[in-house]
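Everything below concerns the one structure shown next.
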Amino acid sequence: MNVIFLGPPGAGKGTQAVRVCERLGIPQISTGDILRRAMKEGTPTGLAAKRYIDAGALVPDEVVIDIVRERLAMDDCKGGYLLDGFPRTVQQAEALAGFADIDAVIDIEVSDEKLTERLSGRRVCLACGGTYHVSRLNGNVCEKCGGELIQRNDDKPETVLSRLKVYHEQTAPLIEWYSARGLLRTVDGAQPMDDCFAAILKALGV
Ligand code: AP5
Ligand code: MG
């Protein structure tokens with residue numbers, strides 16, 4: 001099954017993608033994770049992406065489209081995949097339609113108020129990428145691997161506001177775009193994580 005997770009920053013795309021991918025045995029393809037890895041490694045793509053990500057803006061379409069086209073051509077995508085955070089513009093969706101057959105688009109819905117609270121309290125593990133919220137943490141180490149937890153640079157309050165604005169202007173139009181193509185399924189992302197997971201599995205019919 002080839003699935004897209006749509007939804008604003010902080011909706012829980014990454015959190016749910018890990019669980020859904022484990023359940024279905026498919027790879028999670030997060031353009032955000034790929035770009036952050038490239039930034040850490042200091043590759044030309046990473047260096048070019050940094051100023052957009054740090055400002056809460058989108059990285060240019062041609063850069064992310066190339067990344068996804070190459071990634072989907074890899075062997076582990078033959079049995080299906082989950083795109084987490086791609087496409088994010090109508091141009092990206094149009095390009096994707098030229099090289100991929102998508103079975104379902106899950107839109108995870110959460111209010112801006114809740115998103116702001118989630119993002120400002122998010123902590124991520126430097127070692128394994130595990131995601132937490134400060135309200136559910138004891139100490140500052142990863143519960144899975146003991147790694148150090150940090151706040152993402154783009155989770156600072158002023159950048160969060162930019163990311164939400166960019167989402168409403170550039171990504172939200174994809175809800176209508178995929179709805180018109182009969183692929184959209186909406187899930188309430190404000191419910192507890194386990195309920196959200198169950199709702200996604202139901203929406204996917206698995
Ligand atoms: P990316 O890394 O994709 O960030 P994002 O879309 O802004 O989404 P997030 O990762 O912030 O949120 P999420 O939905 O994964 O939520 P999470 O599960 O972590 O992209 C980063 C940047 O890269 C972009 O700004 C852009 O610059 C660039 N980029 C990436 N893709 C691009 C593209 N296609 N085109 C152009 N540029 C691109 O959860 C958030 C928090 O909430 C956590 O603390 C979590 O524990 C908590 N939480 C989750 N679910 C629940 C729940 N049900 N109840 C309570 N708390 C919850
Ligand atoms: Mg994410």
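Labels used: A, B, ... for chains in the order of the structure tokens, numbers from 1 for residues in each chain, and numbers from 1 for ligands as shown.
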
Environment of ligand 2 within 8 Å, counting only C-alpha atoms and all ligand atoms, reported as a PyMOL selection string = chain A and resi 9-10+12-15+30+32-33+84-85

request  = Let me have all residues with an atom within 8 Å of ligand 1, counting only C-alpha atoms and all ligand atoms, laid out as JSON, numbers by chain.
outcome  = {"A": [7, 8, 9, 10, 11, 12, 13, 14, 15, 16, 17, 30, 31, 32, 33, 35, 36, 49, 52, 53, 54, 55, 56, 57, 58, 59, 60, 61, 64, 65, 84, 85, 86, 87, 88, 89, 92, 115, 118, 119, 121, 122, 123, 124, 131, 132, 133, 134, 154, 155, 163, 189, 190, 191, 192, 193, 194, 195, 196]}

Top pick for closest residue to Glu143 in chain A, considering A:Cys128, A:Lys78, A:Gly205, A:Thr171 and counting only C-alpha atoms = A:Cys128

ask   = For Ser111 in chain A, which of A:Glu41, A:Arg71, A:Glu169, A:Asp188 is the closest residue, counting only C-alpha atoms?
value =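 The shortest atom-to-atom distance to Ser111 in chain A comes from A:Asp188.
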
message = Can you measure CA of Lys202 in chain A to CA of Val105 in chain A for me? One decimal in Å is fine.
response = 13.0 Å

query = Running DSSP on the backbone, which parts of range 1-197 of chain A land in alpha helix (DSSP H), as number ranges by chain?
reply = A: 13-24, 31-41, 44-55, 61-72, 90-99, 112-120, 157-166, 173-180, 193-197

task = Identify, with DSSP run on backbone atoms, the residues in range 2-149 of chain A assigned to strand (DSSP E), and express the list as an MDAnalysis selection string.
result = chainID A and resid 2:6 28:30 81:84 104:109 122:125 131:133 149

Would you save the residues of that selection, restricted to N, CA, C and O atoms, as a short mmCIF file (atom, residue, chain, number, x, y, z; two decimals), in the first residue's frame?
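Printed below is again_30.cif as written:
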```
data_model
loop_
_atom_site.label_atom_id
_atom_site.label_comp_id
_atom_site.auth_asym_id
_atom_site.auth_seq_id
_atom_site.Cartn_x
_atom_site.Cartn_y
_atom_site.Cartn_z
N ASN A 2 0.57 2.19 -0.89
CA ASN A 2 1.32 3.45 -0.96
C ASN A 2 0.47 4.55 -0.33
O ASN A 2 -0.59 4.89 -0.84
N VAL A 3 0.97 5.07 0.81
CA VAL A 3 0.16 5.97 1.63
C VAL A 3 0.85 7.32 1.80
O VAL A 3 2.08 7.40 1.88
N ILE A 4 0.03 8.38 1.87
CA ILE A 4 0.54 9.72 2.19
C ILE A 4 -0.06 10.14 3.53
O ILE A 4 -1.26 9.97 3.75
N PHE A 5 0.77 10.72 4.41
CA PHE A 5 0.26 11.38 5.61
C PHE A 5 0.32 12.88 5.38
O PHE A 5 1.40 13.47 5.22
N LEU A 6 -0.85 13.47 5.35
CA LEU A 6 -0.98 14.92 5.19
C LEU A 6 -1.34 15.45 6.57
O LEU A 6 -1.84 14.72 7.39
N GLN A 28 9.05 4.20 6.19
CA GLN A 28 8.56 5.57 6.42
C GLN A 28 9.49 6.52 5.69
O GLN A 28 10.70 6.50 5.92
N ILE A 29 8.93 7.31 4.79
CA ILE A 29 9.76 8.26 4.06
C ILE A 29 9.37 9.67 4.47
O ILE A 29 8.34 10.20 4.04
N SER A 30 10.17 10.23 5.39
CA SER A 30 9.89 11.58 5.90
C SER A 30 10.88 12.54 5.26
O SER A 30 12.08 12.44 5.48
N TYR A 81 4.94 1.97 0.72
CA TYR A 81 5.68 2.97 1.50
C TYR A 81 4.71 3.98 2.08
O TYR A 81 3.55 4.07 1.66
N LEU A 82 5.21 4.72 3.08
CA LEU A 82 4.40 5.78 3.68
C LEU A 82 5.16 7.10 3.55
O LEU A 82 6.28 7.23 4.06
N LEU A 83 4.58 8.05 2.84
CA LEU A 83 5.19 9.37 2.69
C LEU A 83 4.72 10.26 3.83
O LEU A 83 3.52 10.53 3.96
N ASP A 84 5.67 10.71 4.66
CA ASP A 84 5.37 11.53 5.84
C ASP A 84 5.89 12.95 5.57
O ASP A 84 7.08 13.19 5.60
N ALA A 104 -3.92 5.84 -0.77
CA ALA A 104 -4.71 6.55 0.24
C ALA A 104 -3.94 7.74 0.78
O ALA A 104 -2.71 7.68 0.92
N VAL A 105 -4.67 8.80 1.11
CA VAL A 105 -4.08 9.99 1.73
C VAL A 105 -4.80 10.20 3.05
O VAL A 105 -6.02 10.38 3.09
N ILE A 106 -4.04 10.12 4.14
CA ILE A 106 -4.63 10.32 5.47
C ILE A 106 -4.34 11.74 5.91
O ILE A 106 -3.18 12.13 6.07
N ASP A 107 -5.40 12.51 6.12
CA ASP A 107 -5.23 13.88 6.63
C ASP A 107 -5.47 13.85 8.13
O ASP A 107 -6.56 13.54 8.58
N ILE A 108 -4.41 14.15 8.89
CA ILE A 108 -4.52 14.15 10.35
C ILE A 108 -4.83 15.60 10.78
O ILE A 108 -4.00 16.48 10.61
N GLU A 109 -6.04 15.79 11.33
CA GLU A 109 -6.52 17.14 11.66
C GLU A 109 -6.31 17.49 13.13
O GLU A 109 -6.70 16.73 14.00
N ARG A 122 7.74 19.70 22.21
CA ARG A 122 8.32 18.47 21.62
C ARG A 122 9.81 18.37 21.91
O ARG A 122 10.55 19.34 21.85
N ARG A 123 10.26 17.16 22.21
CA ARG A 123 11.69 16.87 22.34
C ARG A 123 11.98 15.64 21.48
O ARG A 123 11.18 14.71 21.45
N VAL A 124 13.12 15.66 20.79
CA VAL A 124 13.47 14.51 19.95
C VAL A 124 14.81 13.94 20.36
O VAL A 124 15.71 14.67 20.80
N CYS A 125 14.95 12.62 20.19
CA CYS A 125 16.19 11.94 20.58
C CYS A 125 17.23 12.14 19.48
O CYS A 125 16.97 11.83 18.31
N THR A 131 10.32 10.57 19.47
CA THR A 131 9.66 11.87 19.70
C THR A 131 8.87 11.84 20.99
O THR A 131 8.13 10.89 21.24
N TYR A 132 9.01 12.89 21.80
CA TYR A 132 8.33 12.98 23.09
C TYR A 132 7.74 14.37 23.28
O TYR A 132 8.05 15.29 22.53
N HIS A 133 6.90 14.49 24.33
CA HIS A 133 6.43 15.81 24.75
C HIS A 133 6.88 16.02 26.18
O HIS A 133 6.80 15.07 26.99
N LEU A 149 17.97 14.11 24.60
CA LEU A 149 16.80 14.73 23.97
C LEU A 149 17.06 16.22 23.73
O LEU A 149 17.59 16.90 24.60
#
```

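When only C-alpha atoms are used to compute distances to Ala100 in chain A, the closest of the residues A:Leu164, A:Leu204, A:Ile150, A:Leu72 turns out to be A:Leu72.
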
query = Which value, in Å to one decimal, gives the distance between CA of Leu96 in chain A and CA of Leu201 in chain A?
reply =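 Computing the Euclidean distance for CA of Leu96 in chain A and CA of Leu201 in chain A yields 23.5 Å.
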
key: From A:Ala199, A:Gly79, A:Arg51, A:Glu176, residue lying nearest Cys21 in chain A [only C-alpha atoms]   =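 For Cys21 in chain A, the nearest of the given residues is A:Gly79.
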